[in-house]
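Containing compact mmCIF, C-alpha atoms: protein34.txt.
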# COMPACT_ATOMS: atom_id res chain seq x y z
CA PRO A 259 53.21 60.60 35.87
CA SER A 260 51.55 63.40 37.75
CA VAL A 261 48.63 63.85 40.11
CA LYS A 262 48.06 67.24 38.47
CA PRO A 263 45.34 66.99 35.81
CA LEU A 264 46.89 68.03 32.50
CA ASP A 265 44.81 69.74 29.82
CA LEU A 266 44.56 67.28 26.93
CA SER A 267 42.78 69.77 24.68
CA LYS A 268 45.78 72.12 24.99
CA GLY A 269 48.25 69.34 24.13
CA GLU A 270 49.75 69.04 27.64
CA ALA A 271 49.48 65.25 27.17
CA ASP A 272 48.09 62.86 24.56
CA ILE A 273 46.55 60.32 26.93
CA ALA A 274 45.51 60.57 30.57
CA ILE A 275 44.30 58.14 33.17
CA ARG A 276 41.97 59.90 35.56
CA ILE A 277 40.05 58.95 38.64
CA THR A 278 37.12 61.35 38.78
CA LYS A 279 33.53 61.80 39.84
CA ALA A 280 32.87 64.45 37.19
CA GLU A 281 31.84 63.57 33.68
CA PRO A 282 34.78 64.03 31.29
CA ASP A 283 35.01 66.80 28.72
CA GLU A 284 32.75 65.61 25.90
CA THR A 285 35.33 66.66 23.31
CA LEU A 286 37.73 63.96 24.58
CA ILE A 287 37.72 60.30 23.62
CA CYS A 288 36.88 58.41 26.79
CA ARG A 289 36.87 54.81 27.96
CA LYS A 290 35.71 53.84 31.44
CA ILE A 291 38.05 51.19 32.83
CA SER A 292 36.63 50.56 36.28
CA THR A 293 35.22 52.12 39.40
CA ALA A 294 37.93 53.15 41.86
CA LYS A 295 37.01 52.41 45.47
CA TRP A 296 38.60 53.38 48.79
CA SER A 297 38.65 51.80 52.22
CA MET A 298 40.18 52.63 55.57
CA PHE A 299 43.49 50.83 56.18
CA GLY A 300 45.96 50.40 59.01
CA ALA A 301 49.03 48.35 59.85
CA GLN A 302 49.51 45.44 62.21
CA SER A 303 51.64 47.55 64.58
CA TYR A 304 48.80 50.09 64.85
CA ALA A 305 46.22 47.32 65.34
CA ASP A 306 48.33 45.75 68.11
CA LYS A 307 48.34 49.04 70.06
CA LEU A 308 44.94 50.57 69.35
CA GLY A 309 42.87 48.02 67.47
CA LEU A 310 41.14 48.79 64.19
CA PRO A 311 37.76 50.44 63.66
CA ARG A 312 35.21 48.22 61.95
CA SER A 313 32.83 50.96 60.78
CA VAL A 314 32.59 54.69 60.17
CA GLU A 315 30.80 54.96 63.50
CA SER A 316 33.83 53.58 65.39
CA LEU A 317 36.47 56.10 64.26
CA GLN A 318 36.69 57.87 67.62
CA ASN A 319 39.85 57.17 69.66
CA HIS A 320 41.89 56.56 66.51
CA ARG A 321 44.64 58.53 64.73
CA PHE A 322 44.66 59.28 61.03
CA VAL A 323 47.00 60.33 58.26
CA THR A 324 45.65 62.02 55.17
CA PHE A 325 46.51 63.13 51.66
CA GLN A 326 46.28 66.76 50.53
CA ASN A 327 47.73 68.09 47.30
CA ASP A 328 46.68 71.39 45.73
CA ALA A 329 46.56 69.73 42.29
CA VAL A 330 44.06 67.05 43.40
CA PRO A 331 40.45 67.52 44.54
CA PRO A 332 40.44 67.05 48.33
CA TYR A 333 37.52 64.60 48.54
CA LEU A 334 39.45 61.99 50.58
CA HIS A 335 40.69 64.54 53.11
CA ASP A 336 37.28 66.25 53.20
CA TRP A 337 35.52 62.95 53.90
CA LEU A 338 37.92 62.18 56.73
CA SER A 339 37.56 65.71 58.15
CA GLN A 340 33.77 65.26 58.23
CA HIS A 341 34.02 62.02 60.22
CA VAL A 342 36.77 62.66 62.78
CA ALA A 343 37.86 65.50 65.07
CA PRO A 344 40.66 67.73 63.72
CA GLU A 345 43.09 66.59 66.42
CA GLN A 346 42.70 62.98 65.26
CA ILE A 347 44.41 63.83 61.96
CA ILE A 348 48.04 63.72 63.04
CA MET A 349 49.79 63.98 59.66
CA SER A 350 48.99 65.19 56.16
CA PHE A 351 51.03 64.34 53.08
CA SER A 352 51.16 65.83 49.59
CA GLU A 353 52.45 62.52 48.17
CA LEU A 354 50.37 59.34 48.26
CA GLU A 355 53.43 57.11 48.74
CA LEU A 356 54.45 59.04 51.87
CA MET A 357 50.96 58.69 53.31
CA LYS A 358 51.01 54.94 52.64
CA ALA A 359 54.45 54.71 54.28
CA ALA A 360 53.05 56.40 57.40
CA ILE A 361 50.16 53.90 57.47
CA ARG A 362 52.57 50.96 57.02
CA ALA A 363 54.73 52.35 59.84
CA GLY A 364 51.71 52.33 62.18
CA HIS A 365 51.49 56.10 62.68
CA GLY A 366 47.80 56.22 61.83
CA LEU A 367 44.95 54.91 59.71
CA GLY A 368 44.26 56.23 56.21
CA LEU A 369 42.13 56.01 53.11
CA VAL A 370 43.74 53.93 50.36
CA ASN A 371 42.53 52.87 46.93
CA LEU A 372 41.54 49.18 47.08
CA ARG A 373 43.48 48.34 43.93
CA VAL A 374 46.63 49.94 45.32
CA ALA A 375 46.18 48.27 48.70
CA ALA A 376 45.77 44.84 47.09
CA THR A 377 49.47 44.83 46.23
CA ASP A 378 50.63 45.97 49.69
CA LYS A 379 50.52 43.13 52.20
CA ALA A 380 51.40 45.48 55.08
CA LEU A 381 48.03 47.25 54.81
CA ILE A 382 45.09 45.80 56.72
CA GLU A 383 41.58 46.82 55.66
CA CYS A 384 39.53 48.13 58.59
CA PHE A 385 36.22 48.42 56.75
CA GLY A 386 34.95 49.42 53.39
CA PRO A 387 34.69 50.09 50.62
CA ILE A 388 33.26 53.53 51.34
CA GLU A 389 30.77 53.93 48.50
CA GLU A 390 30.54 57.73 48.62
CA LEU A 391 34.26 57.90 47.76
CA SER A 392 33.90 55.79 44.59
CA ARG A 393 35.10 57.42 41.39
CA GLN A 394 35.29 56.50 37.70
CA ASN A 395 38.67 55.29 36.42
CA LEU A 396 38.96 56.64 32.86
CA ILE A 397 41.37 56.69 29.95
CA LEU A 398 41.05 59.98 28.09
CA ILE A 399 42.59 60.87 24.73
CA SER A 400 42.56 64.16 22.88
CA PRO A 401 41.00 63.96 19.39
CA GLU A 402 44.17 65.47 17.90
CA ALA A 403 46.32 62.75 19.48
CA TRP A 404 43.85 60.03 18.41
CA ARG A 405 44.56 60.92 14.77
CA ARG A 406 48.17 59.78 15.16
CA PRO A 407 48.83 56.08 14.42
CA GLU A 408 51.22 55.61 17.37
CA VAL A 409 48.55 56.83 19.82
CA LYS A 410 45.97 54.44 18.36
CA GLU A 411 48.47 51.57 18.53
CA PHE A 412 49.44 52.38 22.11
CA THR A 413 45.81 52.62 23.16
CA LYS A 414 44.94 49.37 21.40
CA PHE A 415 47.79 47.66 23.28
CA PHE A 416 47.50 49.39 26.65
CA ALA A 417 43.77 49.85 27.32
CA PRO A 418 42.73 46.16 27.48
CA ARG A 419 45.77 45.26 29.60
CA TYR A 420 45.16 48.13 32.00
CA ALA A 421 41.44 47.23 32.22
CA ALA A 422 42.34 43.57 32.94
CA THR A 423 44.20 44.60 36.10
CA PHE A 424 40.85 45.70 37.55
CA ARG A 425 38.97 42.47 36.97
So that I can check it, write out the structure of this file as structure tokens.
Amino acid sequence: PSVKPLDLSKGEADIAIRITKAEPDETLICRKISTAKWSMFGAQSYADKLGLPRSVESLQNHRFVTFQNDAVPPYLHDWLSQHVAPEQIIMSFSELELMKAAIRAGHGLGLVNLRVAATDKALIECFGPIEELSRQNLILISPEAWRRPEVKEFTKFFAPRYAATFR
């Protein structure tokens, strides 16, 4: 697993799962699985001290943690930077799990994928989903890989099961 987008057409991987706003390379085999959505989340310890915002308009007087990784488009960080003052962002992480750990620990609020947050009972949704952050969740396969029987079998097995987790 990697957050870095690998080039399927160059054989860096056979199959990729991508969350993207851009239309995929038309030379790749593509299946849309779902629409990924994000909301603002905090922890109970944070809520006990500072409360939780209930809208984008109520983000003032709150602290935030964010995700920034050179291999990933910065749309989550950029959105946050457009809605809060720079001094409100108290920590930035290059790993999503570290950012979620900081939210769970009550250090600040952060943007988390709704599907990911659904399995983490320590995260409390403040408001959302934030529609402008929505992205397509896609399975992409290189045509060369698709010609191999084991890739077709894996896809036949995996794709419907993965899609079912989003229903």
Who sits within 8 Å of A:Ile388, only C-alpha atoms, same chain under 6 positions skipped, as a PyMOL selection string:
chain A and resi 295-297
Distance criterion (only C-alpha atoms): nearest to A:Ala329 out of A:Ser267, A:Ser316, A:Ser392, A:Ser352:
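The closest residue to A:Ala329 is A:Ser352.
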Looking at all atoms listed in the file, which of A:Gly300, A:Pro401, A:Pro263, A:Pro331 is the one that sits closest to A:Ile287?
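Counting all atoms listed in the file, the residue closest to A:Ile287 is A:Pro401.
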Pick the closest to A:Pro387 from A:His341, A:Lys307, A:Arg373, A:Lys410: which is it, counting all atoms listed in the file?
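Once distances to A:Pro387 are computed over all atoms listed in the file, the minimum belongs to A:Arg373.
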Would you kindly return, as number ranges by chain, each protein, DNA or RNA residue with an atom no farther than 6 Å from any atom of A:Leu396, considering only C-alpha atoms and excluding same-chain residues fewer than 5 positions away?
A: 275-276, 289-291
